[in-house]
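Listing of protein.txt, compact mmCIF, C-alpha atoms
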# COMPACT_ATOMS: atom_id res chain seq x y z
CA MET X 4 0.00 0.00 0.00
CA ARG X 5 2.96 2.33 -0.58
CA TRP X 6 2.43 5.57 -2.51
CA THR X 7 5.13 6.71 -4.96
CA VAL X 8 6.17 10.35 -5.35
CA HIS X 9 7.23 11.08 -8.93
CA THR X 10 7.87 14.81 -8.72
CA GLU X 11 7.58 17.66 -6.25
CA ARG X 12 7.24 21.34 -7.11
CA GLU X 13 7.25 24.48 -5.01
CA ILE X 14 4.02 26.46 -4.69
CA HIS X 15 5.00 28.71 -1.78
CA ASP X 16 8.18 28.98 0.26
CA THR X 17 9.00 30.87 3.49
CA PRO X 18 11.40 30.13 6.35
CA TRP X 19 8.44 28.67 8.30
CA VAL X 20 6.13 27.05 5.73
CA ARG X 21 6.76 25.37 2.42
CA LEU X 22 3.76 24.35 0.32
CA ARG X 23 4.48 21.71 -2.31
CA ALA X 24 2.51 19.99 -5.09
CA LEU X 25 3.45 16.34 -5.47
CA ASP X 26 2.72 14.10 -8.44
CA VAL X 27 1.91 10.85 -6.63
CA GLU X 28 0.96 7.37 -7.71
CA GLN X 29 -1.44 5.60 -5.39
CA PRO X 30 -1.20 1.85 -4.74
CA ASP X 31 -3.97 1.15 -7.28
CA GLY X 32 -1.92 2.90 -10.01
CA THR X 33 -3.91 6.16 -10.05
CA ARG X 34 -1.76 9.28 -10.42
CA THR X 35 -2.86 12.55 -8.90
CA ASP X 36 -1.67 15.88 -7.57
CA TYR X 37 -1.32 15.98 -3.80
CA HIS X 38 -0.54 19.07 -1.75
CA VAL X 39 1.85 18.85 1.18
CA VAL X 40 2.86 21.39 3.82
CA ARG X 41 6.51 21.03 4.76
CA LEU X 42 7.29 22.46 8.20
CA ARG X 43 10.34 22.78 10.39
CA ASP X 44 10.75 20.41 13.32
CA VAL X 45 9.43 21.48 16.72
CA ALA X 46 11.22 20.82 20.02
CA VAL X 47 9.20 20.77 23.25
CA THR X 48 10.22 20.48 26.90
CA ALA X 49 8.18 19.14 29.79
CA ALA X 50 9.95 20.41 32.91
CA VAL X 51 8.75 18.33 35.85
CA ASP X 52 9.31 18.86 39.56
CA GLU X 53 7.81 17.83 42.87
CA GLY X 54 5.40 20.24 44.54
CA ALA X 55 5.21 21.00 48.27
CA ASP X 56 2.53 18.32 48.61
CA GLY X 57 4.80 15.72 47.02
CA GLY X 58 2.82 15.58 43.76
CA ARG X 59 4.50 15.98 40.39
CA ARG X 60 4.05 19.26 38.53
CA VAL X 61 4.86 20.47 35.02
CA LEU X 62 5.91 23.98 33.99
CA MET X 63 3.42 25.47 31.54
CA MET X 64 2.85 28.78 29.77
CA TRP X 65 -0.50 30.56 29.42
CA ARG X 66 -0.50 32.00 25.94
CA HIS X 67 -2.58 33.45 23.15
CA ARG X 68 -2.45 31.96 19.67
CA PHE X 69 -3.55 34.69 17.29
CA VAL X 70 -4.10 32.32 14.35
CA THR X 71 -7.00 30.63 16.17
CA ASP X 72 -7.61 33.55 18.57
CA THR X 73 -7.50 31.18 21.55
CA TRP X 74 -5.88 31.18 24.98
CA ALA X 75 -4.51 27.92 26.38
CA TRP X 76 -1.76 26.31 28.46
CA GLU X 77 1.26 25.02 26.54
CA LEU X 78 4.59 23.44 27.20
CA PRO X 79 7.58 25.58 26.15
CA MET X 80 8.41 24.84 22.52
CA GLY X 81 9.92 26.23 19.38
CA LEU X 82 11.41 25.54 15.99
CA VAL X 83 14.58 23.51 15.57
CA GLU X 84 17.11 25.69 13.76
CA ASP X 85 19.05 24.39 10.74
CA GLY X 86 21.82 22.08 11.95
CA GLU X 87 20.54 22.12 15.54
CA GLU X 88 19.81 18.92 17.44
CA PRO X 89 16.23 18.72 18.74
CA ALA X 90 17.39 18.28 22.36
CA ARG X 91 19.50 21.43 22.11
CA ALA X 92 16.55 23.34 20.66
CA ALA X 93 14.30 22.07 23.48
CA ALA X 94 16.79 23.28 26.10
CA ARG X 95 17.20 26.64 24.36
CA GLU X 96 13.45 27.20 24.05
CA LEU X 97 12.81 26.25 27.69
CA GLU X 98 15.30 28.82 28.90
CA GLU X 99 14.30 31.57 26.45
CA GLU X 100 10.58 31.21 27.15
CA THR X 101 10.58 30.45 30.89
CA GLY X 102 13.97 31.35 32.38
CA TRP X 103 14.43 27.72 33.52
CA ARG X 104 17.48 25.75 32.32
CA PRO X 105 17.28 21.97 32.09
CA GLY X 106 20.00 19.91 33.77
CA THR X 107 19.41 16.69 31.90
CA LEU X 108 16.96 15.99 29.09
CA ARG X 109 15.56 12.69 27.96
CA GLU X 110 13.25 12.01 25.07
CA LEU X 111 9.72 11.69 26.36
CA VAL X 112 7.82 11.07 23.12
CA TYR X 113 8.03 11.67 19.37
CA ALA X 114 5.02 12.59 17.21
CA GLU X 115 4.04 13.39 13.65
CA PRO X 116 0.85 15.41 14.26
CA ALA X 117 -0.68 15.32 10.76
CA ALA X 118 1.38 12.90 8.67
CA GLY X 119 -1.21 12.82 5.88
CA ILE X 120 -0.70 16.48 4.98
CA THR X 121 2.54 17.66 6.60
CA ASP X 122 6.01 16.36 7.40
CA ALA X 123 6.03 18.14 10.79
CA ARG X 124 7.94 16.29 13.51
CA HIS X 125 7.55 17.04 17.20
CA PHE X 126 10.31 16.03 19.58
CA VAL X 127 9.14 16.19 23.20
CA PHE X 128 11.74 16.02 25.96
CA ARG X 129 11.50 15.77 29.73
CA THR X 130 13.69 17.30 32.39
CA ASP X 131 13.36 16.58 36.10
CA ASP X 132 16.18 18.86 37.22
CA ALA X 133 15.55 22.28 35.69
CA ALA X 134 17.04 25.21 37.58
CA ARG X 135 15.94 28.82 37.52
CA ALA X 136 18.46 30.73 35.37
CA GLY X 137 16.75 34.13 35.29
CA ASP X 138 13.88 35.87 33.61
CA PRO X 139 12.61 34.71 30.21
CA THR X 140 14.43 36.45 27.37
CA GLU X 141 11.61 35.87 24.88
CA ARG X 142 9.01 38.49 25.82
CA ASN X 143 6.33 37.62 23.26
CA GLU X 144 5.56 34.04 24.24
CA SER X 145 3.25 33.99 27.25
CA ASP X 146 1.30 36.01 29.79
CA ARG X 147 2.36 33.86 32.72
CA LEU X 148 4.17 30.71 33.77
CA GLU X 149 2.83 28.22 36.26
CA TRP X 150 3.82 24.88 37.74
CA ILE X 151 0.68 22.80 37.11
CA PRO X 152 0.03 19.66 39.20
CA LEU X 153 -0.18 16.64 36.89
CA SER X 154 -3.35 15.67 38.76
CA ARG X 155 -5.08 18.69 37.12
CA ILE X 156 -4.06 17.90 33.54
CA GLY X 157 -6.99 15.59 32.67
CA GLY X 158 -9.56 18.22 33.68
CA MET X 159 -7.67 20.93 31.80
CA ILE X 160 -7.77 18.82 28.64
CA ALA X 161 -11.50 18.16 29.09
CA ARG X 162 -12.15 21.92 29.51
CA ARG X 163 -10.04 22.69 26.39
CA GLU X 164 -7.50 24.61 28.43
CA ILE X 165 -4.81 22.52 26.70
CA VAL X 166 -5.31 22.24 22.93
CA SER X 167 -1.87 22.38 21.27
CA SER X 168 -1.12 18.94 19.79
CA ALA X 169 2.53 19.06 20.89
CA THR X 170 1.46 19.92 24.44
CA LEU X 171 -1.32 17.32 24.47
CA VAL X 172 1.08 14.60 23.34
CA GLY X 173 3.65 15.68 25.93
CA VAL X 174 1.35 15.91 28.94
CA MET X 175 -0.42 12.66 28.07
CA ALA X 176 2.96 10.94 27.89
CA LEU X 177 3.73 12.38 31.33
CA LEU X 178 0.44 11.03 32.66
CA LEU X 179 1.24 7.61 31.20
CA ASP X 180 4.80 7.89 32.53
CA VAL X 181 6.05 6.75 29.14
CA ASP X 182 9.76 5.88 29.06
CA PRO X 183 11.01 5.10 25.50
CA ALA X 184 14.16 3.54 26.95
CA ALA X 185 11.99 0.87 28.59
CA GLY X 186 11.37 -0.57 25.15

Could you render the structure from this file as structure tokens?
Amino acid sequence: MRWTVHTEREIHDTPWVRLRALDVEQPDGTRTDYHVVRLRDVAVTAAVDEGADGGRRVLMMWRHRFVTDTWAWELPMGLVEDGEEPARAAARELEEETGWRPGTLRELVYAEPAAGITDARHFVFRTDDAARAGDPTERNESDRLEWIPLSRIGGMIARREIVSSATLVGVMALLLDVDPAAG
């Protein structure tokens, strides 16, 4: 059931979004044009600590997304720069957006949020030993930061207070306590 790409041509190109028209052959032999959005990789960090009550918490940002005109909680995230490793980008974005620097990072989960129309890849990392490094240097990312108890995440998802796919994947992996090294 493999599709074959015969050619690809540029329709639109920016540093953030590349729209392409592909001449594809479907498994039944039918050839058709197929449009694909090519995006840069995204690196995300779930910084986890232990609250005063002993429960685990995750650092989240309350932010407005103007494209959808919505407010929601998100994990710190950003684009992976050319030649940059996703883990390095995750560490950089965490510090720029929150002022917290990760000690160690481990891959929490990997996702392709809409593989049928885009090649976007989301690399979600976890740190359990972030340290406050100073104020955020990126001033346009969020209204506030908060350490959210993991016990509140399910309700926040149900109330649509968390809607970003990268954040949803990350916090659900935290709730499942997924460890890719466990095999």

So that I can see what lies close to region 133-140 of chain X, please list as a PyMOL selection string the residues with an atom at most 7 Å from it, counting all atoms listed in the file and leaving out residues fewer than 5 positions away in the same chain. chain X and resi 50+98-106

Residues near region 149-165 of chain X, anyone? I mean within 10 Å using only C-alpha atoms, not counting same-chain ones fewer than 5 positions away, as JSON, numbers by chain. {"X": [50, 51, 52, 53, 54, 56, 57, 58, 59, 60, 61, 62, 63, 64, 65, 73, 74, 75, 76, 77, 78, 101, 170, 171, 174, 175, 177, 178]}

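When CA of Asp31 (chain X) is paired with CA of Gly119 (chain X), their separation reads 17.8 Å.
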
Atomic separation - CA of Arg21 (chain X) relative to CA of Ala123 (chain X), Å: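 Straight-line distance from CA of Ala123 (chain X) to CA of Arg21 (chain X) works out to 11.1 Å.
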
Name the residues in contact with region 46-48 of chain X at a cut-off of 10 Å, using all atoms listed in the file, excluding same-chain residues fewer than 2 positions from it; report them as a PDB file with C-alpha atoms, in the frame of the given file.
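As a result, result_36.pdb now contains:
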ATOM      1  CA  ARG X  43      10.340  22.780  10.390  1.00  0.00           C
ATOM      2  CA  ASP X  44      10.750  20.410  13.320  1.00  0.00           C
ATOM      3  CA  ALA X  50       9.950  20.410  32.910  1.00  0.00           C
ATOM      4  CA  VAL X  51       8.750  18.330  35.850  1.00  0.00           C
ATOM      5  CA  VAL X  61       4.860  20.470  35.020  1.00  0.00           C
ATOM      6  CA  LEU X  62       5.910  23.980  33.990  1.00  0.00           C
ATOM      7  CA  MET X  63       3.420  25.470  31.540  1.00  0.00           C
ATOM      8  CA  GLU X  77       1.260  25.020  26.540  1.00  0.00           C
ATOM      9  CA  LEU X  78       4.590  23.440  27.200  1.00  0.00           C
ATOM     10  CA  PRO X  79       7.580  25.580  26.150  1.00  0.00           C
ATOM     11  CA  MET X  80       8.410  24.840  22.520  1.00  0.00           C
ATOM     12  CA  GLY X  81       9.920  26.230  19.380  1.00  0.00           C
ATOM     13  CA  LEU X  82      11.410  25.540  15.990  1.00  0.00           C
ATOM     14  CA  VAL X  83      14.580  23.510  15.570  1.00  0.00           C
ATOM     15  CA  GLU X  84      17.110  25.690  13.760  1.00  0.00           C
ATOM     16  CA  GLU X  88      19.810  18.920  17.440  1.00  0.00           C
ATOM     17  CA  PRO X  89      16.230  18.720  18.740  1.00  0.00           C
ATOM     18  CA  ALA X  90      17.390  18.280  22.360  1.00  0.00           C
ATOM     19  CA  ARG X  91      19.500  21.430  22.110  1.00  0.00           C
ATOM     20  CA  ALA X  92      16.550  23.340  20.660  1.00  0.00           C
ATOM     21  CA  ALA X  93      14.300  22.070  23.480  1.00  0.00           C
ATOM     22  CA  ALA X  94      16.790  23.280  26.100  1.00  0.00           C
ATOM     23  CA  ARG X  95      17.200  26.640  24.360  1.00  0.00           C
ATOM     24  CA  GLU X  96      13.450  27.200  24.050  1.00  0.00           C
ATOM     25  CA  LEU X  97      12.810  26.250  27.690  1.00  0.00           C
ATOM     26  CA  GLU X  98      15.300  28.820  28.900  1.00  0.00           C
ATOM     27  CA  PRO X 105      17.280  21.970  32.090  1.00  0.00           C
ATOM     28  CA  LEU X 108      16.960  15.990  29.090  1.00  0.00           C
ATOM     29  CA  ARG X 109      15.560  12.690  27.960  1.00  0.00           C
ATOM     30  CA  GLU X 110      13.250  12.010  25.070  1.00  0.00           C
ATOM     31  CA  LEU X 111       9.720  11.690  26.360  1.00  0.00           C
ATOM     32  CA  VAL X 112       7.820  11.070  23.120  1.00  0.00           C
ATOM     33  CA  TYR X 113       8.030  11.670  19.370  1.00  0.00           C
ATOM     34  CA  ARG X 124       7.940  16.290  13.510  1.00  0.00           C
ATOM     35  CA  HIS X 125       7.550  17.040  17.200  1.00  0.00           C
ATOM     36  CA  PHE X 126      10.310  16.030  19.580  1.00  0.00           C
ATOM     37  CA  VAL X 127       9.140  16.190  23.200  1.00  0.00           C
ATOM     38  CA  PHE X 128      11.740  16.020  25.960  1.00  0.00           C
ATOM     39  CA  ARG X 129      11.500  15.770  29.730  1.00  0.00           C
ATOM     40  CA  THR X 130      13.690  17.300  32.390  1.00  0.00           C
ATOM     41  CA  ALA X 169       2.530  19.060  20.890  1.00  0.00           C
ATOM     42  CA  THR X 170       1.460  19.920  24.440  1.00  0.00           C
ATOM     43  CA  GLY X 173       3.650  15.680  25.930  1.00  0.00           C
TER      44      GLY X 173
END

CA of Thr71 (chain X) to CA of Ser167 (chain X): how many Å, to one decimal? 11.0 Å

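Take the candidates X:Leu22, X:Val45, X:Val40, X:Leu179 and check each one against Ala117 (chain X) using only C-alpha atoms; the shortest distance goes to X:Val40.
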
Got a sec: who's within 12 Å of Thr10 (chain X), counting all atoms listed in the file, leaving out chain neighbours fewer than 6 positions off, as a list in words? Arg23, Ala24, Leu25, Asp26, Val27, Glu28, Arg34, Thr35, Asp36, Tyr37 and His38 of chain X

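Across X:Ile14, X:Pro116, X:His67, X:Gln29, the tightest approach to Asp146 (chain X) is made by X:His67 when counting only C-alpha atoms.
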
Since the input is missing atoms, can you rebuild all heavy atoms for region 87-98 of chain X and write them as an mmCIF file, in the frame of the given file?
data_model
loop_
_atom_site.group_PDB
_atom_site.id
_atom_site.type_symbol
_atom_site.label_atom_id
_atom_site.label_comp_id
_atom_site.auth_asym_id
_atom_site.auth_seq_id
_atom_site.Cartn_x
_atom_site.Cartn_y
_atom_site.Cartn_z
ATOM 1 N N GLU X 87 20.676 22.242 14.095
ATOM 2 C CA GLU X 87 20.540 22.120 15.540
ATOM 3 C C GLU X 87 19.910 20.777 15.905
ATOM 4 O O GLU X 87 18.986 20.313 15.244
ATOM 5 C CB GLU X 87 19.665 23.264 16.061
ATOM 6 C CG GLU X 87 19.555 23.363 17.558
ATOM 7 C CD GLU X 87 18.700 24.557 18.001
ATOM 8 O OE1 GLU X 87 17.743 24.915 17.276
ATOM 9 O OE2 GLU X 87 19.007 25.130 19.059
ATOM 10 N N GLU X 88 20.412 20.162 16.934
ATOM 11 C CA GLU X 88 19.810 18.920 17.440
ATOM 12 C C GLU X 88 18.524 19.264 18.184
ATOM 13 O O GLU X 88 18.473 20.275 18.896
ATOM 14 C CB GLU X 88 20.783 18.200 18.372
ATOM 15 C CG GLU X 88 21.993 17.624 17.673
ATOM 16 C CD GLU X 88 21.612 16.561 16.654
ATOM 17 O OE1 GLU X 88 20.723 15.731 16.943
ATOM 18 O OE2 GLU X 88 22.190 16.579 15.545
ATOM 19 N N PRO X 89 17.478 18.437 18.047
ATOM 20 C CA PRO X 89 16.230 18.720 18.740
ATOM 21 C C PRO X 89 16.377 18.912 20.252
ATOM 22 O O PRO X 89 15.740 19.796 20.823
ATOM 23 C CB PRO X 89 15.351 17.512 18.404
ATOM 24 C CG PRO X 89 15.855 17.060 17.064
ATOM 25 C CD PRO X 89 17.347 17.282 17.138
ATOM 26 N N ALA X 90 17.222 18.129 20.910
ATOM 27 C CA ALA X 90 17.390 18.280 22.360
ATOM 28 C C ALA X 90 17.990 19.643 22.693
ATOM 29 O O ALA X 90 17.588 20.277 23.674
ATOM 30 C CB ALA X 90 18.275 17.165 22.920
ATOM 31 N N ARG X 91 18.911 20.110 21.895
ATOM 32 C CA ARG X 91 19.500 21.430 22.110
ATOM 33 C C ARG X 91 18.449 22.519 21.924
ATOM 34 O O ARG X 91 18.385 23.487 22.684
ATOM 35 C CB ARG X 91 20.706 21.643 21.172
ATOM 36 C CG ARG X 91 21.325 23.001 21.250
ATOM 37 C CD ARG X 91 22.011 23.251 22.606
ATOM 38 N NE ARG X 91 22.187 24.679 22.794
ATOM 39 C CZ ARG X 91 21.606 25.406 23.757
ATOM 40 N NH1 ARG X 91 20.846 24.844 24.657
ATOM 41 N NH2 ARG X 91 21.803 26.695 23.839
ATOM 42 N N ALA X 92 17.620 22.371 20.896
ATOM 43 C CA ALA X 92 16.550 23.340 20.660
ATOM 44 C C ALA X 92 15.559 23.343 21.818
ATOM 45 O O ALA X 92 15.111 24.408 22.254
ATOM 46 C CB ALA X 92 15.829 23.020 19.347
ATOM 47 N N ALA X 93 15.232 22.165 22.346
ATOM 48 C CA ALA X 93 14.300 22.070 23.480
ATOM 49 C C ALA X 93 14.868 22.799 24.693
ATOM 50 O O ALA X 93 14.156 23.541 25.372
ATOM 51 C CB ALA X 93 14.023 20.613 23.799
ATOM 52 N N ALA X 94 16.150 22.605 24.964
ATOM 53 C CA ALA X 94 16.790 23.280 26.100
ATOM 54 C C ALA X 94 16.811 24.793 25.886
ATOM 55 O O ALA X 94 16.510 25.568 26.798
ATOM 56 C CB ALA X 94 18.213 22.756 26.281
ATOM 57 N N ARG X 95 17.146 25.217 24.687
ATOM 58 C CA ARG X 95 17.200 26.640 24.360
ATOM 59 C C ARG X 95 15.826 27.287 24.521
ATOM 60 O O ARG X 95 15.692 28.341 25.144
ATOM 61 C CB ARG X 95 17.716 26.824 22.922
ATOM 62 C CG ARG X 95 17.716 28.261 22.443
ATOM 63 C CD ARG X 95 18.238 28.398 21.004
ATOM 64 N NE ARG X 95 17.653 27.494 20.047
ATOM 65 C CZ ARG X 95 16.433 27.623 19.515
ATOM 66 N NH1 ARG X 95 15.643 28.620 19.874
ATOM 67 N NH2 ARG X 95 15.996 26.744 18.614
ATOM 68 N N GLU X 96 14.804 26.648 23.974
ATOM 69 C CA GLU X 96 13.450 27.200 24.050
ATOM 70 C C GLU X 96 12.947 27.260 25.489
ATOM 71 O O GLU X 96 12.303 28.241 25.878
ATOM 72 C CB GLU X 96 12.486 26.394 23.178
ATOM 73 C CG GLU X 96 12.738 26.538 21.695
ATOM 74 C CD GLU X 96 12.391 27.919 21.141
ATOM 75 O OE1 GLU X 96 11.621 28.674 21.782
ATOM 76 O OE2 GLU X 96 12.888 28.248 20.048
ATOM 77 N N LEU X 97 13.231 26.243 26.289
ATOM 78 C CA LEU X 97 12.810 26.250 27.690
ATOM 79 C C LEU X 97 13.381 27.469 28.401
ATOM 80 O O LEU X 97 12.667 28.206 29.084
ATOM 81 C CB LEU X 97 13.236 24.962 28.404
ATOM 82 C CG LEU X 97 12.901 24.911 29.900
ATOM 83 C CD1 LEU X 97 11.396 24.864 30.126
ATOM 84 C CD2 LEU X 97 13.585 23.718 30.556
ATOM 85 N N GLU X 98 14.667 27.697 28.212
ATOM 86 C CA GLU X 98 15.300 28.820 28.900
ATOM 87 C C GLU X 98 14.841 30.171 28.361
ATOM 88 O O GLU X 98 14.550 31.089 29.126
ATOM 89 C CB GLU X 98 16.820 28.712 28.828
ATOM 90 C CG GLU X 98 17.506 29.738 29.693
ATOM 91 C CD GLU X 98 18.980 29.482 29.901
ATOM 92 O OE1 GLU X 98 19.466 28.375 29.601
ATOM 93 O OE2 GLU X 98 19.657 30.410 30.385
#
